[in-house]
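Shown below: start_27.cif, with mmCIF, C-alpha atoms and all ligand atoms.
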```cif
data_query
#
loop_
_atom_site.label_atom_id
_atom_site.label_comp_id
_atom_site.auth_asym_id
_atom_site.auth_seq_id
_atom_site.Cartn_x
_atom_site.Cartn_y
_atom_site.Cartn_z
CA MET A 199 11.95 -34.59 9.77
CA PHE A 200 10.81 -33.33 6.39
CA ASN A 201 8.94 -30.08 6.47
CA LYS A 202 8.92 -26.74 4.74
CA GLU A 203 10.31 -24.81 7.71
CA ASN A 204 13.32 -27.12 7.97
CA GLN A 205 14.11 -26.71 4.30
CA VAL A 206 13.84 -22.93 4.52
CA LYS A 207 16.03 -22.94 7.64
CA ASN A 208 18.68 -25.11 6.02
CA PHE A 209 18.74 -22.98 2.92
CA LEU A 210 19.05 -19.72 4.85
CA ILE A 211 21.85 -20.97 7.10
CA GLU A 212 23.75 -22.20 4.05
CA TRP A 213 23.12 -18.93 2.21
CA TYR A 214 24.29 -16.95 5.22
CA SER A 215 27.55 -18.88 5.44
CA VAL A 216 28.47 -17.39 2.05
CA ASN A 217 26.59 -14.08 1.97
CA ALA A 218 26.61 -12.72 5.52
CA ARG A 219 27.08 -8.96 5.73
CA ILE A 220 30.32 -7.98 7.40
CA LEU A 221 29.28 -5.96 10.42
CA PRO A 222 31.53 -4.89 13.28
CA TRP A 223 29.36 -6.42 16.00
CA ARG A 224 29.62 -9.78 14.25
CA LYS A 225 33.32 -10.09 14.90
CA LYS A 226 33.90 -13.54 16.40
CA ASN A 227 36.29 -14.46 19.17
CA LYS A 228 38.89 -17.21 18.83
CA ASP A 229 36.29 -19.87 19.68
CA LYS A 230 34.16 -18.59 16.79
CA TYR A 231 31.47 -17.14 19.06
CA LEU A 232 30.03 -13.66 18.86
CA ASN A 233 30.76 -11.28 21.70
CA PRO A 234 27.45 -10.86 23.61
CA TYR A 235 28.53 -7.38 24.72
CA PHE A 236 28.90 -6.31 21.07
CA VAL A 237 25.46 -7.70 20.30
CA PHE A 238 24.03 -5.99 23.37
CA VAL A 239 25.41 -2.56 22.38
CA SER A 240 24.47 -2.97 18.73
CA GLU A 241 20.86 -3.80 19.60
CA TYR A 242 20.50 -0.53 21.49
CA MET A 243 22.12 1.41 18.65
CA LEU A 244 20.04 -0.27 15.95
CA GLN A 245 16.70 0.61 17.52
CA GLN A 246 15.22 3.07 14.98
CA THR A 247 18.57 3.60 13.21
CA THR A 248 19.84 2.01 10.04
CA VAL A 249 22.70 -0.49 9.93
CA ASN A 250 24.82 1.84 7.80
CA THR A 251 24.55 4.73 10.26
CA VAL A 252 25.38 2.48 13.19
CA LYS A 253 28.40 0.73 11.64
CA ASN A 254 31.07 3.38 12.15
CA LYS A 255 29.64 4.74 15.36
CA PHE A 256 29.72 1.24 16.82
CA LYS A 257 33.44 0.80 16.13
CA ASP A 258 34.26 4.07 17.93
CA PHE A 259 32.00 3.10 20.83
CA ILE A 260 33.82 -0.20 21.33
CA ILE A 261 37.21 1.51 21.24
CA LYS A 262 36.04 3.86 24.00
CA TRP A 263 34.07 1.33 26.04
CA PRO A 264 35.22 -2.21 25.16
CA ASN A 265 33.23 -4.04 27.86
CA ILE A 266 30.46 -3.66 30.43
CA ASP A 267 32.88 -2.83 33.20
CA LYS A 268 34.30 0.18 31.33
CA LEU A 269 30.90 1.28 30.11
CA ALA A 270 29.41 1.14 33.62
CA LYS A 271 32.04 3.68 34.73
CA ALA A 272 31.09 6.20 32.02
CA THR A 273 29.01 9.25 32.86
CA GLU A 274 25.76 10.25 31.21
CA PRO A 275 27.21 13.44 29.60
CA GLN A 276 30.02 11.35 28.08
CA ILE A 277 27.59 8.88 26.51
CA LEU A 278 25.22 11.59 25.31
CA LYS A 279 28.08 13.51 23.71
CA PHE A 280 29.19 10.35 21.92
CA TRP A 281 25.63 9.59 20.78
CA ALA A 282 25.41 12.78 18.65
CA GLY A 283 24.26 11.83 15.17
CA LEU A 284 22.38 8.71 16.24
CA GLY A 285 19.35 10.51 17.67
CA TYR A 286 16.84 9.06 20.16
CA TYR A 287 19.01 9.88 23.16
CA SER A 288 16.85 7.87 25.55
CA ARG A 289 18.56 4.78 24.12
CA ALA A 290 21.94 6.08 25.23
CA ARG A 291 20.65 6.77 28.74
CA ASN A 292 19.05 3.32 28.92
CA LEU A 293 22.19 1.61 27.67
CA LEU A 294 24.24 3.29 30.37
CA LYS A 295 21.68 2.44 33.08
CA SER A 296 21.64 -1.19 31.93
CA ALA A 297 25.43 -1.39 31.99
CA LYS A 298 25.44 -0.12 35.58
CA ILE A 299 22.79 -2.69 36.60
CA ILE A 300 24.72 -5.52 34.91
CA ASN A 301 27.90 -4.34 36.59
CA LYS A 302 26.25 -4.29 40.00
CA ASN A 303 23.86 -7.25 39.87
CA PHE A 304 25.28 -9.62 37.28
CA LYS A 305 29.06 -9.38 37.80
CA ASN A 306 29.51 -7.66 34.42
CA LYS A 307 27.97 -10.61 32.56
CA ILE A 308 25.09 -9.92 30.18
CA PRO A 309 22.13 -11.93 31.54
CA GLN A 310 21.25 -15.04 29.57
CA SER A 311 17.62 -15.35 30.58
CA TYR A 312 14.65 -13.60 29.05
CA ASP A 313 13.17 -12.72 32.44
CA GLU A 314 16.35 -10.96 33.55
CA LEU A 315 17.01 -9.19 30.25
CA ILE A 316 13.49 -7.83 30.02
CA THR A 317 13.94 -5.99 33.35
CA LEU A 318 16.77 -3.87 31.91
CA PRO A 319 15.95 -0.31 30.82
CA GLY A 320 15.24 -0.07 27.10
CA VAL A 321 14.99 -3.84 26.58
CA GLY A 322 11.64 -5.02 25.22
CA ASP A 323 10.54 -8.37 23.85
CA TYR A 324 12.36 -7.97 20.54
CA THR A 325 15.67 -6.75 22.02
CA ALA A 326 15.69 -9.45 24.71
CA LYS A 327 15.20 -12.15 22.08
CA ALA A 328 17.75 -10.61 19.71
CA ILE A 329 20.39 -10.63 22.47
CA LEU A 330 19.52 -14.20 23.50
CA GLY A 331 19.35 -15.52 19.97
CA ILE A 332 22.20 -13.68 18.27
CA GLY A 333 24.50 -13.22 21.27
CA PHE A 334 23.92 -16.51 23.07
CA ASN A 335 22.60 -18.81 20.31
CA LYS A 336 19.40 -19.49 22.29
CA PRO A 337 16.46 -20.95 20.33
CA VAL A 338 14.26 -17.85 19.92
CA ILE A 339 13.01 -15.84 16.97
CA PRO A 340 13.09 -12.05 17.43
CA LEU A 341 10.59 -10.63 14.97
CA ASP A 342 12.28 -7.67 13.28
CA ALA A 343 10.90 -6.00 10.14
CA ASN A 344 12.89 -8.30 7.83
CA ILE A 345 11.76 -11.51 9.49
CA GLU A 346 8.15 -10.35 9.64
CA ARG A 347 8.21 -9.46 5.97
CA ILE A 348 9.63 -12.83 4.94
CA LEU A 349 7.06 -14.66 7.08
CA VAL A 350 4.02 -12.83 5.72
CA ARG A 351 5.30 -13.38 2.20
CA LEU A 352 6.07 -17.05 2.65
CA HIS A 353 2.52 -17.56 3.91
CA ALA A 354 0.87 -14.97 1.63
CA ILE A 355 -0.77 -13.24 4.59
CA ASN A 356 -2.51 -10.35 2.92
CA LYS A 357 -3.13 -8.26 6.04
CA PRO A 358 -1.10 -5.40 7.57
CA ILE A 359 1.69 -6.75 9.78
CA ASN A 360 0.36 -4.88 12.82
CA LYS A 361 -2.87 -6.87 12.63
CA VAL A 362 -1.19 -10.28 12.61
CA LYS A 363 1.53 -9.95 15.26
CA ASN A 364 0.33 -12.98 17.26
CA LYS A 365 0.06 -15.14 14.18
CA LEU A 366 3.60 -14.15 13.22
CA LYS A 367 4.85 -15.18 16.66
CA ASP A 368 3.37 -18.65 16.08
CA LEU A 369 4.73 -18.90 12.56
CA GLY A 370 8.13 -17.57 13.64
CA SER A 371 8.38 -20.10 16.46
CA LYS A 372 8.30 -22.92 13.88
CA PHE A 373 11.68 -21.67 12.65
CA LYS A 374 13.48 -21.82 16.00
CA SER A 375 16.81 -23.58 15.84
CA ASN A 376 18.41 -25.32 18.81
CA LYS A 377 21.83 -25.55 17.24
CA TYR A 378 22.23 -22.64 14.83
CA SER A 379 19.94 -20.00 16.24
CA SER A 380 22.42 -17.11 15.96
CA SER A 381 23.23 -17.77 12.30
CA LEU A 382 19.62 -18.46 11.43
CA ILE A 383 18.31 -15.20 12.92
CA GLN A 384 21.02 -13.20 11.20
CA SER A 385 20.45 -15.07 7.94
CA PHE A 386 16.78 -14.05 7.98
CA MET A 387 17.80 -10.44 8.62
CA ASP A 388 20.38 -10.39 5.84
CA TYR A 389 18.09 -12.22 3.43
CA GLY A 390 15.45 -9.56 4.01
CA SER A 391 17.89 -6.79 3.26
CA GLU A 392 19.51 -8.45 0.22
CA ILE A 393 16.90 -10.67 -1.46
CA CYS A 394 13.42 -10.42 0.04
CA LEU A 395 13.58 -6.64 -0.17
CA PRO A 396 10.75 -4.42 1.04
CA ARG A 397 10.16 -3.23 -2.53
CA ASN A 398 10.90 -5.37 -5.56
CA PRO A 399 11.99 -8.59 -3.84
CA ARG A 400 14.42 -10.57 -6.02
CA CYS A 401 12.15 -13.59 -6.33
CA ASP A 402 13.73 -14.91 -9.53
CA ILE A 403 16.99 -15.62 -7.71
CA CYS A 404 15.38 -16.48 -4.37
CA GLY A 405 16.35 -19.95 -3.19
CA ILE A 406 13.14 -20.41 -1.21
CA ASN A 407 10.69 -19.26 -3.87
CA LYS A 408 9.28 -22.76 -4.21
CA PHE A 409 8.01 -22.47 -0.64
CA CYS A 410 6.71 -18.94 -1.05
CA GLN A 411 2.94 -18.62 -1.39
CA SER A 412 3.18 -14.93 -2.35
CA TYR A 413 5.49 -15.78 -5.22
CA LYS A 414 3.23 -18.62 -6.32
CA LYS A 415 0.23 -16.31 -6.34
CA LYS A 416 2.22 -13.34 -7.77
CA LEU A 417 1.37 -11.33 -4.66
CA GLN A 418 4.90 -10.52 -3.57
CA LEU A 419 4.55 -6.83 -4.50
CA LYS A 420 1.31 -6.54 -2.56
CA ILE A 421 2.56 -8.23 0.63
CA PRO A 422 3.14 -6.99 3.29
CA LYS A 423 -0.09 -5.06 2.93
CA LYS A 424 0.34 -1.41 3.85
CA LEU A 425 -1.70 -0.22 6.79
CA LYS A 426 -2.93 2.92 5.14
CA LYS A 427 -1.91 4.52 1.91
CA LYS A 428 -2.14 8.29 2.05
CA ILE A 429 -2.70 8.61 -1.68
CA ILE A 430 -4.02 5.58 -3.44
CA LYS A 431 -2.53 5.73 -6.90
CA PRO A 432 -4.00 3.78 -9.78
CA VAL A 433 -1.94 0.84 -10.98
CA LYS A 434 -1.04 0.15 -14.58
CA TYR A 435 0.34 -3.11 -15.88
CA THR A 436 2.81 -4.07 -18.56
CA ARG A 437 5.36 -6.71 -19.52
CA ALA A 438 8.86 -5.65 -20.52
CA TYR A 439 11.27 -7.71 -22.61
CA VAL A 440 15.01 -7.54 -22.17
CA VAL A 441 16.46 -9.30 -25.18
CA ILE A 442 20.17 -9.87 -25.72
CA ASN A 443 21.89 -10.95 -28.93
CA GLU A 444 25.11 -12.85 -29.54
CA LYS A 445 27.07 -9.56 -29.64
CA ASN A 446 25.96 -8.70 -26.12
CA GLU A 447 23.61 -6.00 -27.33
CA ILE A 448 20.18 -5.15 -25.94
CA LEU A 449 17.11 -4.75 -28.10
CA VAL A 450 15.76 -1.18 -27.80
CA ARG A 451 13.48 1.26 -29.54
CA VAL A 452 12.63 4.95 -29.34
CA ARG A 453 9.41 5.98 -27.63
CA PRO A 454 6.91 8.16 -29.50
CA SER A 455 7.85 11.85 -29.73
CA LYS A 456 4.77 12.86 -27.73
CA GLY A 457 3.43 11.75 -24.36
CA MET A 458 5.19 10.23 -21.36
CA LEU A 459 8.97 9.78 -21.59
CA ALA A 460 8.80 11.19 -25.12
CA SER A 461 11.61 10.21 -27.52
CA MET A 462 13.49 8.27 -24.87
CA LEU A 463 14.88 4.78 -25.34
CA GLU A 464 13.05 1.74 -24.02
CA VAL A 465 13.19 -2.00 -24.15
CA PRO A 466 10.13 -3.47 -25.89
CA ASN A 467 7.11 -3.58 -23.63
CA ASP A 468 3.40 -4.16 -23.93
CA VAL A 469 0.93 -1.28 -24.01
CA TRP A 470 0.35 -0.18 -20.41
CA VAL A 471 -3.15 -1.10 -19.28
CA LYS A 472 -5.28 -0.63 -16.19
CA ASN A 473 -6.63 -4.16 -16.25
CA LYS A 474 -4.01 -6.90 -16.27
CA LYS A 475 -6.27 -9.19 -18.28
CA LEU A 476 -6.16 -6.76 -21.20
CA LEU A 477 -2.40 -7.09 -21.74
CA THR A 478 -1.46 -8.04 -25.29
CA THR A 479 2.02 -9.12 -26.33
CA ASP A 480 4.02 -6.52 -28.22
CA LYS A 481 4.19 -7.25 -31.97
CA GLU A 482 7.99 -7.27 -32.20
CA ILE A 483 8.15 -9.78 -29.36
CA GLN A 484 5.50 -12.22 -30.57
CA LYS A 485 7.91 -14.13 -32.83
CA ILE A 486 10.59 -14.57 -30.15
CA LYS A 487 8.47 -14.93 -27.03
CA LYS A 488 9.33 -18.60 -26.62
CA ASN A 489 13.00 -17.60 -26.11
CA LEU A 490 12.13 -15.43 -23.11
CA LYS A 491 11.66 -16.38 -19.47
CA SER A 492 9.98 -14.44 -16.68
CA LYS A 493 12.33 -12.79 -14.19
CA GLY A 494 9.53 -11.76 -11.86
CA LEU A 495 7.56 -8.66 -11.05
CA PHE A 496 8.85 -5.12 -10.64
CA GLU A 497 7.01 -2.09 -9.35
CA TYR A 498 7.84 1.50 -10.23
CA SER A 499 6.11 4.57 -8.93
CA PHE A 500 5.37 7.50 -11.24
CA SER A 501 3.84 10.65 -9.79
CA HIS A 502 0.31 9.76 -10.92
CA PHE A 503 0.30 5.99 -11.02
CA ASP A 504 2.26 2.88 -10.13
CA LEU A 505 3.49 0.62 -12.89
CA GLU A 506 3.65 -3.13 -12.27
CA THR A 507 5.86 -4.85 -14.81
CA GLU A 508 6.54 -8.51 -15.39
CA ILE A 509 10.08 -8.66 -16.74
CA PHE A 510 11.07 -11.22 -19.36
CA TYR A 511 14.61 -11.98 -20.38
CA GLY A 512 16.30 -14.10 -23.03
CA SER A 513 18.64 -14.19 -25.99
CA VAL A 514 18.06 -14.33 -29.75
CA LYS A 515 20.24 -14.18 -32.82
CA LYS A 516 20.50 -10.65 -34.18
CA ALA A 517 19.45 -11.88 -37.62
CA LYS A 518 16.10 -13.00 -36.25
CA LEU A 519 15.00 -9.40 -35.74
CA THR A 520 15.78 -7.45 -38.87
CA ASN A 521 15.22 -3.67 -38.79
CA SER A 522 15.52 -3.60 -35.01
CA ASN A 523 17.71 -1.33 -32.92
CA TRP A 524 20.29 -2.57 -30.49
CA ILE A 525 22.67 -0.92 -28.06
CA LYS A 526 25.73 -2.37 -26.36
CA LYS A 527 24.85 -3.87 -22.97
CA SER A 528 27.69 -1.89 -21.43
CA ALA A 529 26.19 1.37 -22.77
CA TYR A 530 22.58 1.18 -21.58
CA PHE A 531 23.23 2.94 -18.28
CA ASN A 532 24.49 6.10 -19.94
CA SER A 533 21.95 5.97 -22.75
CA ARG A 534 18.71 7.92 -23.18
CA MET A 535 16.78 5.35 -21.18
CA PRO A 536 14.53 6.67 -18.40
CA THR A 537 15.15 5.34 -14.90
CA VAL A 538 12.27 2.88 -15.05
CA MET A 539 13.80 1.18 -18.11
CA LYS A 540 17.31 1.17 -16.64
CA LYS A 541 15.96 -0.56 -13.54
CA ILE A 542 14.17 -3.15 -15.66
CA VAL A 543 17.38 -3.92 -17.55
CA GLU A 544 19.36 -3.99 -14.31
CA ILE A 545 17.03 -6.61 -12.82
CA ALA A 546 17.04 -8.73 -15.96
CA VAL A 547 20.73 -8.92 -16.89
S1 LIG B 601 10.08 -15.66 -3.44
FE1 LIG B 601 10.24 -13.45 -3.32
S2 LIG B 601 8.72 -12.83 -1.80
FE2 LIG B 601 9.06 -15.03 -1.55
S3 LIG B 601 10.63 -15.21 0.01
FE3 LIG B 601 11.68 -15.22 -1.95
S4 LIG B 601 12.23 -13.06 -2.36
FE4 LIG B 601 10.68 -13.10 -0.72
#
```

Turn the structure described in the file into structure tokens.
Amino acid sequence: MFNKENQVKNFLIEWYSVNARILPWRKKNKDKYLNPYFVFVSEYMLQQTTVNTVKNKFKDFIIKWPNIDKLAKATEPQILKFWAGLGYYSRARNLLKSAKIINKNFKNKIPQSYDELITLPGVGDYTAKAILGIGFNKPVIPLDANIERILVRLHAINKPINKVKNKLKDLGSKFKSNKYSSSLIQSFMDYGSEICLPRNPRCDICGINKFCQSYKKKLQLKIPKKLKKKIIKPVKYTRAYVVINEKNEILVRVRPSKGMLASMLEVPNDVWVKNKKLLTTDKEIQKIKKNLKSKGLFEYSFSHFDLETEIFYGSVKKAKLTNSNWIKKSAYFNSRMPTVMKKIVEIAV
């Protein structure tokens, strides 16, 4: 059947087969299946803790308690001592209680039904579905922050995520996979942490941008909509041009000696304006604009305002721009460029 969801699913599964993050709980057994116990433990550890913090701790945990049977025999002080550094100690207590219940009532086998999983201490709707989907390849979609973000962006839902939870459940259910659920769920998660990033999503290299309504409407920096901004900063707009010549040099210039980022290096960019419609193309760029292609939007936060920049990139012959300044591409990072300009170059090249 041809539909948008199927195409997105196929792309993500394919992408994941090449780009999956290597994480210790993803270690497969000889039959190429994930170990549900590893997934079970990791889901407790990952509640409110980042993947990077959990990674090493997880390995040590598995060495100490390699299966439910061993874990069920541990004592609470042992687990709490181990948990130091992860915080939120109630998770450790709940994990131990669950292991004891599984040991007693489920013959050391992690339950494979939602109704049984949800009765375990510390397991809510998300965790139950994550264990079922990732650990047992069941056709469910656990809505974590990455998946929610991708969904609201794909559909250009310009409302705070908390206000559209039910809608997201419906939209998410269209992506369920009977065959490849585990890979699909993890692909969404990895895609959200590598490509569809919370800030500055990498839309120009995104393989599903043709299905993305936010990208189409240039709303990807505005979605997901924040619930409440403590300080609403004004937004300024510009376009920046990263131009490379045949000697692998980048076109640069020196900023005015007064004002913001005085005397620092920059790539050419249009005068920063408060109203996007008032943008006018920089003089130096006008004659080469046709050589440049948009690489998408980038947002940078200064203390008093946010700057939204559309980045353009392309190459020209050095001779085309006489009297211009260039620096070696390899040297821009250690040059007098401010961070905002370095980031713009980094995204473009
Ligand atoms: S186009 Fe951009 S916003 Fe849309 S899914 Fe891809 S990375 Fe995310």

Padding 4 Å on each side, edges along x, y and z: where is the centre of the box around the listed atoms of stretch 444-450 of chain A, and how long are its edges in Å to one decimal? Output it as AutoDock Vina command-line options.
```
--center_x 21.4 --center_y -7.0 --center_z -27.8 --size_x 19.3 --size_y 19.7 --size_z 11.7
```

Nearby polymer residues, ligand LIG 601 (chain B), at most 10 Å, only C-alpha atoms and all ligand atoms, as a VMD selection string: chain A and resid 206 347 to 354 389 to 390 392 to 414 416 to 422 494 to 495

Residue among A:Leu244, A:Leu232, A:Ile277, A:Ile220 lying closest to A:Asp258, counting only C-alpha atoms: A:Ile277

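The coordinates place atom CA of A:Asn344 at 15.0 Å from atom CA of A:Val362.
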
Top pick for closest residue to A:Ser379, considering A:Val440, A:Leu341, A:Ile525, A:Leu330 and counting all atoms listed in the file: A:Leu330
